[in-house]
Structures are given as structure tokens and as C-alpha cells.
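Dumped target_27.cif below, it's mmCIF, C-alpha atoms:
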data_coords
loop_
_atom_site.label_atom_id
_atom_site.label_comp_id
_atom_site.auth_asym_id
_atom_site.auth_seq_id
_atom_site.Cartn_x
_atom_site.Cartn_y
_atom_site.Cartn_z
CA PHE A 1 0.00 0.00 0.00
CA PHE A 2 2.86 2.35 0.78
CA PHE A 3 4.41 1.83 -2.71
CA PHE A 4 1.06 2.52 -4.41
CA TYR A 5 0.69 5.68 -2.33
CA VAL A 6 4.17 6.91 -3.32
CA ALA A 7 3.52 6.13 -6.98
CA ASN A 8 0.28 8.13 -6.91
CA MET A 9 2.07 11.03 -5.26
CA LEU A 10 4.77 11.00 -7.93
CA ASP A 11 2.22 10.85 -10.73
CA GLY A 12 0.39 13.79 -9.19
CA ALA A 13 3.64 15.74 -8.93
CA ASP A 14 4.50 15.07 -12.59
CA THR A 15 1.02 16.19 -13.67
CA SER A 16 1.22 19.37 -11.61
CA ASN A 17 4.67 20.17 -12.99
CA ALA A 18 3.45 19.67 -16.54
CA SER A 19 0.43 21.90 -15.88
CA THR A 20 2.58 24.65 -14.36
CA ALA A 21 5.21 24.54 -17.10
CA PRO A 22 5.68 27.78 -19.04
CA LYS A 23 3.34 28.04 -21.99
CA GLY A 24 6.08 29.35 -24.22
CA ASN A 25 8.19 26.22 -23.77
CA LEU A 26 5.25 24.01 -24.70
CA GLU A 27 4.57 26.07 -27.80
CA ASP A 28 8.24 25.94 -28.84
CA THR A 29 8.30 22.16 -28.39
CA SER A 30 5.11 21.80 -30.39
CA MET A 31 6.51 23.94 -33.22
CA LEU A 32 9.74 21.91 -33.31
CA GLN A 33 7.78 18.66 -33.46
CA LYS A 34 5.60 19.99 -36.27
CA ALA A 35 8.65 21.19 -38.22
CA LYS A 36 10.37 17.82 -37.71
CA PHE A 37 7.27 15.96 -38.84
CA THR A 38 6.86 18.20 -41.91
CA MET A 39 10.49 17.77 -42.96
CA GLY A 40 10.34 14.01 -42.47
CA HIS A 41 7.12 13.79 -44.45
CA ARG A 42 8.52 15.81 -47.34
CA TYR A 43 11.72 13.75 -47.33
CA GLN A 44 9.78 10.49 -47.45
CA LEU A 45 7.51 11.87 -50.18
CA ALA A 46 10.54 12.81 -52.29
CA LEU A 47 11.98 9.29 -51.85
CA ASP A 48 8.66 7.74 -52.85
CA ARG A 49 8.57 9.82 -56.02
CA MET A 50 12.13 8.80 -56.94
CA THR A 51 11.62 5.08 -56.30
CA PRO A 52 10.21 4.11 -59.75
CA HIS A 53 12.96 6.01 -61.63
CA PRO A 54 16.24 4.11 -61.06
CA LYS A 55 17.81 5.45 -64.26
CA TYR A 56 17.56 9.09 -63.24
CA ARG A 57 18.52 8.29 -59.64
CA TRP A 58 21.77 6.66 -60.69
CA ILE A 59 22.52 9.46 -63.16
CA GLY A 60 22.35 11.93 -60.28
CA THR A 61 24.54 9.69 -58.13
CA THR A 62 27.06 9.37 -60.95
CA ILE A 63 27.29 13.17 -61.13
CA LEU A 64 27.85 13.24 -57.36
CA ILE A 65 30.60 10.62 -57.67
CA PHE A 66 32.27 12.70 -60.38
CA LEU A 67 32.13 15.79 -58.16
CA TYR A 68 33.72 13.91 -55.27
CA VAL A 69 36.50 12.49 -57.43
CA LEU A 70 37.14 15.93 -58.92
CA ARG A 71 37.19 17.53 -55.48
CA ALA A 72 39.53 14.89 -54.02
CA ALA A 73 41.87 15.15 -57.01
CA THR A 74 41.91 18.94 -56.88
CA VAL A 75 42.56 19.16 -53.15
CA GLY A 76 45.01 16.26 -53.19
CA GLY A 77 44.32 14.67 -49.86
CA PHE A 78 41.62 13.21 -47.60
CA TYR A 79 42.90 9.67 -48.09
CA ILE A 80 41.32 8.50 -44.83
CA VAL A 81 37.93 9.76 -46.02
CA SER A 82 38.32 7.98 -49.35
CA TYR A 83 39.45 4.79 -47.65
CA ALA A 84 36.48 4.81 -45.26
CA LEU A 85 34.20 5.48 -48.22
CA GLY A 86 35.65 2.53 -50.11
CA ILE A 87 35.21 0.16 -47.16
CA TYR A 88 31.61 1.28 -46.71
CA LEU A 89 30.82 0.87 -50.42
CA LEU A 90 32.36 -2.61 -50.37
CA ASN A 91 30.09 -3.54 -47.50
CA LEU A 92 27.08 -2.23 -49.44
CA LEU A 93 28.13 -4.18 -52.53
CA ILE A 94 28.31 -7.43 -50.58
CA GLY A 95 24.84 -6.82 -49.20
CA PHE A 96 23.57 -6.06 -52.70
CA LEU A 97 25.00 -9.29 -54.13
CA ALA A 98 24.06 -11.55 -51.21
CA PRO A 99 20.65 -13.25 -50.89
CA LYS A 100 18.30 -12.08 -48.16
CA ILE A 101 18.29 -15.53 -46.58
CA ASP A 102 21.70 -17.17 -46.41
CA PRO A 103 21.38 -20.77 -47.68
CA GLU A 104 24.25 -21.88 -45.45
CA THR A 105 22.21 -20.94 -42.39
CA ILE A 106 19.15 -22.83 -43.61
CA LEU A 107 21.11 -25.95 -44.55
CA ALA A 108 22.89 -25.89 -41.20
CA GLU A 109 19.62 -25.74 -39.26
CA ILE A 110 17.67 -28.26 -41.37
CA ASP A 111 19.52 -31.31 -42.66
CA ASP A 112 16.83 -32.70 -45.00
CA VAL A 113 16.45 -29.55 -47.14
CA ASP A 114 17.58 -29.72 -50.74
CA GLU A 115 19.80 -26.91 -52.01
CA ASP A 116 17.43 -26.37 -54.95
CA ASP A 117 14.66 -25.46 -52.50
CA VAL A 118 16.71 -22.69 -50.92
CA LEU A 119 17.62 -20.62 -53.98
CA PRO A 120 16.30 -20.76 -57.56
CA THR A 121 18.70 -22.97 -59.54
CA LYS A 122 16.52 -24.73 -62.15
CA ASP A 123 15.11 -23.27 -65.34
CA ASP A 124 12.29 -25.81 -65.72
CA GLY A 125 10.85 -25.31 -62.26
CA GLU A 126 8.77 -22.56 -60.75
CA PHE A 127 10.23 -19.10 -61.24
CA LYS A 128 11.63 -17.71 -58.00
CA PRO A 129 12.94 -14.15 -58.10
CA PHE A 130 16.23 -13.41 -56.40
CA ILE A 131 15.62 -11.46 -53.20
CA ARG A 132 18.62 -9.39 -52.16
CA LYS A 133 19.81 -8.76 -48.67
CA LEU A 134 20.05 -5.08 -49.65
CA ASN A 135 17.63 -4.05 -52.38
CA GLU A 136 18.49 -1.69 -55.20
CA PHE A 137 16.79 1.38 -53.74
CA LYS A 138 18.49 1.10 -50.33
CA PHE A 139 21.79 0.39 -52.10
CA TRP A 140 21.38 3.57 -54.15
CA LEU A 141 20.26 5.66 -51.18
CA SER A 142 23.15 4.52 -48.96
CA THR A 143 25.65 5.06 -51.79
CA THR A 144 24.36 8.57 -52.45
CA LYS A 145 24.46 9.49 -48.77
CA ALA A 146 28.00 8.13 -48.46
CA PHE A 147 29.33 10.21 -51.34
CA LEU A 148 27.44 13.29 -50.15
CA ILE A 149 28.90 12.99 -46.65
CA SER A 150 32.38 12.31 -48.06
CA LEU A 151 32.13 15.34 -50.32
CA THR A 152 31.13 17.46 -47.33
CA CYS A 153 34.09 16.13 -45.33
CA THR A 154 36.52 17.45 -47.95
CA PHE A 155 35.62 21.01 -46.89
CA PHE A 156 36.94 20.47 -43.35
CA PRO A 157 40.76 20.62 -43.28
CA PHE A 158 41.08 18.84 -39.92
CA LEU A 159 39.79 15.65 -41.58
CA ASP A 160 42.74 15.67 -43.98
CA ILE A 161 44.86 13.38 -41.81
CA PRO A 162 48.37 12.82 -43.22
CA VAL A 163 48.88 9.17 -44.11
CA PHE A 164 50.95 7.10 -46.50
CA TRP A 165 48.20 6.45 -49.05
CA PRO A 166 49.86 3.53 -50.96
CA ILE A 167 49.48 1.34 -47.86
CA LEU A 168 45.76 2.13 -47.71
CA LEU A 169 45.41 1.42 -51.42
CA ILE A 170 47.19 -1.94 -51.19
CA TYR A 171 45.18 -2.96 -48.15
CA PHE A 172 41.90 -2.00 -49.83
CA ILE A 173 42.77 -3.93 -53.00
CA ALA A 174 43.67 -6.99 -50.94
CA LEU A 175 40.48 -6.71 -48.89
CA PHE A 176 38.36 -6.24 -52.03
CA THR A 177 39.96 -9.25 -53.72
CA VAL A 178 39.51 -11.58 -50.75
CA THR A 179 35.93 -10.45 -50.13
CA MET A 180 34.84 -10.78 -53.75
CA ARG A 181 36.50 -14.18 -54.11
CA LYS A 182 34.57 -15.37 -51.10
CA GLN A 183 31.32 -13.97 -52.50
CA ILE A 184 31.88 -15.50 -55.95
CA ALA A 185 32.69 -18.86 -54.36
CA HIS A 186 29.43 -18.60 -52.41
CA MET A 187 27.54 -17.87 -55.66
CA ILE A 188 29.14 -20.84 -57.42
CA LYS A 189 28.51 -23.21 -54.53
CA TYR A 190 24.79 -22.44 -54.34
CA ARG A 191 24.43 -21.72 -58.07
CA TYR A 192 22.70 -18.37 -58.04
CA ILE A 193 23.20 -15.17 -60.01
CA PRO A 194 22.21 -11.90 -58.31
CA PHE A 195 21.25 -10.25 -61.61
CA ASP A 196 18.32 -10.38 -64.01
CA PHE A 197 20.33 -11.21 -67.12
CA GLY A 198 18.88 -14.24 -68.89
CA LYS A 199 15.98 -14.62 -66.48
CA PRO A 200 12.39 -14.76 -67.72
CA LYS A 201 10.49 -11.50 -67.87
CA PHE A 202 6.70 -11.47 -67.93
CA THR A 203 4.88 -8.91 -70.01
CA ASN A 204 1.20 -8.28 -70.64
CA LYS A 205 0.13 -9.51 -74.05
CA LYS A 206 -2.71 -7.61 -75.68
#
Entire entry expressed as C-alpha cells:
Amino acid sequence: FFFFYVANMLDGADTSNASTAPKGNLEDTSMLQKAKFTMGHRYQLALDRMTPHPKYRWIGTTILIFLYVLRAATVGGFYIVSYALGIYLLNLLIGFLAPKIDPETILAEIDDVDEDDVLPTKDDGEFKPFIRKLNEFKFWLSTTKAFLISLTCTFFPFLDIPVFWPILLIYFIALFTVTMRKQIAHMIKYRYIPFDFGKPKFTNKK
């Protein structure tokens, strides 16, 4: 009974404090929440409008990539930023090429499952589209954000950390080679291709 009494007292104190709070603070908080909601809604609406236009989306991203390369070449530095960007893009690429459900996990959990039932590997069977771990839109959005942030970082001199860039380049090439070899071996083992080339496309016949 004592704990219930204390809880009621605390609830009453919180309610009285909220009621006696300055009206201006409540109005400012409400305005900030409305502005945040409006900006989030407009941002999501812009993304929804760009979703069915991958060609134009990637053209804009290509222009952004060109601007970053031009900026990095002109300034002549920011090797740490470029290296971090490359590692992040490699991680996105692996997610884009990998299936949403890893067949190794399924086969490890269930022993009596055939490999053909995990991923589509037969042409004469039922058509099963390849479902990526990271879909095309999220891959594009993350790539665009990464290059935009990296381009912004090139305008802050304190991020231009002096480093011996050939070591970073060699390490990145080695990491890229090992990672892609592992991914290609995974694709060969489970016989899947994460692209639409040569796969059946259904069209409406009139």
C-alpha cells in the first residue's frame, strides 16, 4: 500500500509540474515537433517519387561521384575519407550481391532440405525471383548518402589526416579481392546469379 501511495504522489507531482510549465516552452516544443514531422514527411515523399525512376537516380549519383573524385583530385588529400568510403561501399556491394536468406544458415539448421529449395537454380521449375539482402533502392540511397557525406568532409581541413596512401590502397585492393573471391565462391557453390540477365520477364500480351 505504501508503494502505491508513493507512486500516486509522484504521478500527481508530474502532472502538476506539466500543468505549471511555461506556456512558451510548450509552444516551442510543439513547433519543433511539427517542423520535424513536416520535414520528415517531405523527405519520405521525395523518396517515394524517386523510387520508380532508377535510371535518373543513378545518373544523379554518378554526377555526385564525379564531383567527389574531382574535389579529391583537386585538393590532393583526404585519403582516410576515401578509404572509409571505399570500405563502406564494399560492405554495401556485398549486401547487394548476397541473398536475403543465407542458404548456409538454412542448410545448417535443417539437414533434409535440398539446395534447390533454398535458392532458384533450375530453369524448368517454378520461377523464384532473387531477393537481395540489400535491395536496389536502399543500395542507391546509402551510396548517395555516403558520397554526399564524403564530399562534405573534404571542406573540413582537420579531416585531412596525413597518411601514407599507398598502404591504404594496397590494403583496400587486398580486402576487395579476398571479399569478392569469397562472395563468388558462395555464388558458385549455391548456383545463383544476383542479376536479371537471362531470367524470364513477364509482359502483358494484348
Q. Selected by the PyMOL selection byres ((chain A and resi 137) around 10) in the shown coordinates: which residues, as a ChimeraX atom specification?
A. /A:47,50-54,57,134-136,138-143
Quick one: everything within 12 Å of Phe156 (chain A), counting all atoms listed in the file, minus sequence neighbours fewer than 5 positions away in the same chain. Send it as a tab-separated table (two decimals) with C-alpha atoms, in the coordinates of the input.
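Saved as selection25.tsv:
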chain	number	residue	atom	x	y	z
A	75	VAL	CA	42.56	19.16	-53.15
A	77	GLY	CA	44.32	14.67	-49.86
A	78	PHE	CA	41.62	13.21	-47.60
A	81	VAL	CA	37.93	9.76	-46.02
A	149	ILE	CA	28.90	12.99	-46.65
A	150	SER	CA	32.38	12.31	-48.06
A	151	LEU	CA	32.13	15.34	-50.32
A	161	ILE	CA	44.86	13.38	-41.81
Q: Have a look at CA of Thr74 (chain A) and CA of Val163 (chain A) and let me know their distance in Å, one decimal.
A: 17.5 Å
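With CA of Thr61 (chain A) on one side and CA of Phe37 (chain A) on the other, the separation reads 26.6 Å.
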Q | Of the listed residues A:Ile188, A:Ile80, A:Leu89, A:Ile101, that which approaches Leu159 (chain A) most closely, counting all atoms listed in the file | A | A:Ile80
Q. If you apply the PyMOL selection byres ((chain A and resi 83) around 12) to this file, what residues do you get, as a VMD selection string?
A. chain A and resid 72 77 to 82 84 to 90 146 150 160 to 161 163 to 173 175 to 176
Q) So how far away is CA of Lys55 (chain A) from CA of Arg71 (chain A), in Å? A) 24.5 Å
